[in-house]
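Encoded as structure tokens, the structure appears first; notes follow it.
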Amino acid sequence: MNLRQLIQPDAGWLDAPDLRRVLWVAGAAALGLGVYGFTMGFWRDPVLGVYVALKLPLLVALTLVCNGLLNSLLGILLGSGLGFRQSLLALLTAFAVAGVILGSLAPVTLLLAWNAPPPDSPYATHAHAAYLVTHTFLIGFAGIAANIHLHRLLAVKSPTPMAATATLLAWLGGNGFLGAQFSWILRPFFGSPTLKIQFLRDNPLYGNFYEAVWGAINTATGGFGLPALTAILAILLIPIARAIQSQHQHTTKSWTR
């Protein structure tokens with residue numbers, strides 16, 4: 001197996017989710033996410049970079065394990081045509097695609113961290129906010145590409161285009177909600193310049209992910225958080241909506257031939 005098979009799988013990719021394939025895909029996801037994770041924490045300190053390189057794959061693993069049974073049941077309920085192992089491989093493949101994309105961006109984000117104002121500079125607060133928003137955008141971009149890829153996998157196996165889209169949206173909702181909160185619990189990933197470097201915060205269950213991202217966007221845009229958030233959501237959601245619509249049309253035409 002190679003990266004081309006991962007990014008452009010054949011129609012039978014989900015038919016035989018054997019252990020070797022699952023481990024290979026999991027390894028690709030862990031490697032890409034680990035390399036990118038190091039660049040996320042590097043700005044604050046290389047030690048934090050090592051921590052994040054471990055925590056980013058852990059975040060994905062926790063999300064998949066905790067939502068695995070739910071995702072499988074939702075897929076069956078919504079008519080995806082996938083069983084438990086196939087659902088797991090489909091989601092793991094999507095995370096691996098995101099990991100490969102983010103891993104390829106690691107040289108860019110490493111240079112970004114290298115050239116940003118250091119944590120002890122007077123501009124550290126604004127640098128940290130901009131750094132967080134930039135990484136959120138890049139992770140969102142990788143997530144869009146990965147979920148477009150996931151929709152294609154689902155469209156091949158689902159009996160109808162609607163079943164594929166409904167399954168994708170259900171998985172997105174559950175994984176997104178749980179994954180975002182797991183990311184908050186496993187913080188720090190970026191490292192606030194005013195806080196000490198540690199694997200986990202002293203109070204990991206205090207607060208939530210959404211409040212933190214909103215505060216960072218508001219700070220980075222000088223109080224124009226709502227327009228900026230609207231623009232970011234539009235940039236992230238419009239491409240995936242158009243891609244799903246295009247996939248609907250393509251699949252419908254192929255079935256009516």
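Quick note on naming: the chains in the structure tokens go A, B, ... in the order shown, residues restart at 1 in each chain, and ligands are numbered from 1 in order of appearance.
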
Please identify every residue of range 169-219 of chain A that has at least one atom no farther than 8 Å from an atom of range 45-57 of chain A, counting only C-alpha atoms, and for each give the shortest atom pair and the distance in Å to one decimal, arranged by chain then increasing number, as JSON lines.
```
{"residue": "A:Leu186", "atom": "CA", "partner": "A:Lys55", "partner_atom": "CA", "distance": 7.1}
{"residue": "A:Pro188", "atom": "CA", "partner": "A:Val52", "partner_atom": "CA", "distance": 7.9}
{"residue": "A:Phe189", "atom": "CA", "partner": "A:Val52", "partner_atom": "CA", "distance": 5.7}
{"residue": "A:Gly191", "atom": "CA", "partner": "A:Leu48", "partner_atom": "CA", "distance": 7.4}
{"residue": "A:Ile197", "atom": "CA", "partner": "A:Leu48", "partner_atom": "CA", "distance": 6.5}
{"residue": "A:Gln198", "atom": "CA", "partner": "A:Leu48", "partner_atom": "CA", "distance": 7.3}
{"residue": "A:Phe199", "atom": "CA", "partner": "A:Tyr51", "partner_atom": "CA", "distance": 6.0}
```

Which residues are close to range 153-163 of chain A, i.e. within 6 Å by only C-alpha atoms, leaving aside same-chain residues fewer than 3 positions away? Reply as a PyMOL selection string. chain A and resi 78-81+150+166+248

Which is closer to Ala130 in chain A than all the others in A:Leu200, A:Trp24, A:Ala113, A:His149, using only C-alpha atoms? A:Ala113

Residues within 10 Å of range 25-32 of chain A, please, as a list of chain:residue names. Count only C-alpha atoms; anything in the same chain fewer than 6 positions from it doesn't count. A:Met1, A:Asn2, A:Leu3, A:Leu6, A:Leu19, A:Ala53, A:Leu54, A:Lys55, A:Leu56, A:Pro57, A:Leu58, A:Val60, A:Ala61, A:Leu89, A:Leu92, A:Thr93, A:Ala94, A:Phe95, A:Ala96, A:Val97, A:Ala98, A:Gly99, A:Val100, A:Ile101, A:Leu102, A:Gly103, A:Ser104, A:Leu105, A:Ala106

Restricting the calculation to only C-alpha atoms, which member of A:Ala142, A:Trp214, A:Asn203, A:Gly174 is positioned closest to Leu69 in chain A? A:Gly174

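The closest residue to Val22 in chain A, picked from A:Cys66, A:Leu88, A:Ala145, A:Thr136 and counting only C-alpha atoms, is A:Leu88.
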
Near range 215-227 of chain A, counting only C-alpha atoms, which residues have an atom at most 9 Å away, once you skip same-chain residues fewer than 2 positions from it, shown as a PDB file with N, CA and C atoms, in the first residue's frame?
```pdb
ATOM      1  N   THR A 125       0.990  38.187  22.683  1.00  0.00           N
ATOM      2  CA  THR A 125      -0.443  37.913  22.802  1.00  0.00           C
ATOM      3  C   THR A 125      -1.116  37.900  21.445  1.00  0.00           C
ATOM      4  N   HIS A 126      -0.807  38.908  20.618  1.00  0.00           N
ATOM      5  CA  HIS A 126      -1.399  38.961  19.281  1.00  0.00           C
ATOM      6  C   HIS A 126      -0.833  37.862  18.389  1.00  0.00           C
ATOM      7  N   ALA A 127       0.447  37.543  18.563  1.00  0.00           N
ATOM      8  CA  ALA A 127       1.054  36.463  17.778  1.00  0.00           C
ATOM      9  C   ALA A 127       0.396  35.131  18.103  1.00  0.00           C
ATOM     10  N   HIS A 128       0.122  34.903  19.385  1.00  0.00           N
ATOM     11  CA  HIS A 128      -0.521  33.656  19.803  1.00  0.00           C
ATOM     12  C   HIS A 128      -1.922  33.558  19.228  1.00  0.00           C
ATOM     13  N   ALA A 129      -2.687  34.657  19.256  1.00  0.00           N
ATOM     14  CA  ALA A 129      -4.045  34.648  18.720  1.00  0.00           C
ATOM     15  C   ALA A 129      -4.039  34.393  17.213  1.00  0.00           C
ATOM     16  N   ALA A 130      -3.149  35.085  16.502  1.00  0.00           N
ATOM     17  CA  ALA A 130      -3.052  34.877  15.053  1.00  0.00           C
ATOM     18  C   ALA A 130      -2.597  33.463  14.728  1.00  0.00           C
ATOM     19  N   LEU A 132      -3.118  30.742  16.553  1.00  0.00           N
ATOM     20  CA  LEU A 132      -4.229  29.834  16.810  1.00  0.00           C
ATOM     21  C   LEU A 132      -5.236  29.868  15.665  1.00  0.00           C
ATOM     22  N   VAL A 133      -5.576  31.084  15.196  1.00  0.00           N
ATOM     23  CA  VAL A 133      -6.545  31.215  14.114  1.00  0.00           C
ATOM     24  C   VAL A 133      -6.005  30.588  12.829  1.00  0.00           C
ATOM     25  N   TYR A 210     -15.133  25.976  22.186  1.00  0.00           N
ATOM     26  CA  TYR A 210     -15.783  26.997  21.363  1.00  0.00           C
ATOM     27  C   TYR A 210     -15.581  28.395  21.936  1.00  0.00           C
ATOM     28  N   GLU A 211     -15.622  28.503  23.224  1.00  0.00           N
ATOM     29  CA  GLU A 211     -15.376  29.800  23.871  1.00  0.00           C
ATOM     30  C   GLU A 211     -13.952  30.271  23.613  1.00  0.00           C
ATOM     31  N   ALA A 212     -12.985  29.348  23.636  1.00  0.00           N
ATOM     32  CA  ALA A 212     -11.585  29.715  23.416  1.00  0.00           C
ATOM     33  C   ALA A 212     -11.335  30.184  21.992  1.00  0.00           C
ATOM     34  N   VAL A 213     -11.909  29.485  21.001  1.00  0.00           N
ATOM     35  CA  VAL A 213     -11.714  29.882  19.603  1.00  0.00           C
ATOM     36  C   VAL A 213     -12.357  31.232  19.330  1.00  0.00           C
ATOM     37  N   LEU A 229     -15.726  35.366  11.933  1.00  0.00           N
ATOM     38  CA  LEU A 229     -16.207  33.992  12.108  1.00  0.00           C
ATOM     39  C   LEU A 229     -17.162  33.611  10.990  1.00  0.00           C
ATOM     40  N   THR A 230     -18.021  34.557  10.587  1.00  0.00           N
ATOM     41  CA  THR A 230     -18.945  34.296   9.481  1.00  0.00           C
ATOM     42  C   THR A 230     -18.186  34.000   8.202  1.00  0.00           C
ATOM     43  N   ALA A 231     -17.142  34.805   7.939  1.00  0.00           N
ATOM     44  CA  ALA A 231     -16.341  34.601   6.735  1.00  0.00           C
ATOM     45  C   ALA A 231     -15.611  33.262   6.770  1.00  0.00           C
ATOM     46  N   ILE A 232     -15.060  32.905   7.930  1.00  0.00           N
ATOM     47  CA  ILE A 232     -14.335  31.629   8.058  1.00  0.00           C
ATOM     48  C   ILE A 232     -15.277  30.452   7.834  1.00  0.00           C
TER      49      ILE A 232
END
```

Would you pick out the contacts of Asp18 in chain A at 10 Å or less, using only C-alpha atoms, so that residues sharing its chain but fewer than 3 positions from it are not included, and give the list as a ChimeraX atom specification? /A:14-15,21-23,85-86,89

Quick one: pull the distance between CA of Leu205 in chain A and CA of His135 in chain A, Å, one decimal.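 Pair CA of Leu205 in chain A / CA of His135 in chain A returns 22.4 Å.
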
I'd like to know which of A:Ala90, A:Leu233, A:Leu138, A:Ala180 is closest to Asn71 in chain A, using only C-alpha atoms.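 Smallest separation from Asn71 in chain A among the options: A:Ala90.
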
Per-residue DSSP, range 32-220 of chain A, filtered to alpha helix (DSSP H), as a VMD selection string: chain A and resid 32 to 42 46 to 77 84 to 115 124 to 157 161 to 185 209 to 220

With distances taken over only C-alpha atoms, which residue among A:Ile185, A:Arg201, A:Gly176, A:Ala146 lies nearest Ile7 in chain A? A:Ala146

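Using only C-alpha atoms, the smallest distance between any of A:Ile148, A:Ala11, A:Leu178, A:Leu168 and Ile238 in chain A comes from A:Ile148.
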
When you draw a straight line from CA of Leu110 in chain A to CA of Met40 in chain A, how long is it in Å? 7.8 Å

What is the distance, in Å and to one decimal place, between CA of Pro17 in chain A and CA of Gly68 in chain A? 14.7 Å
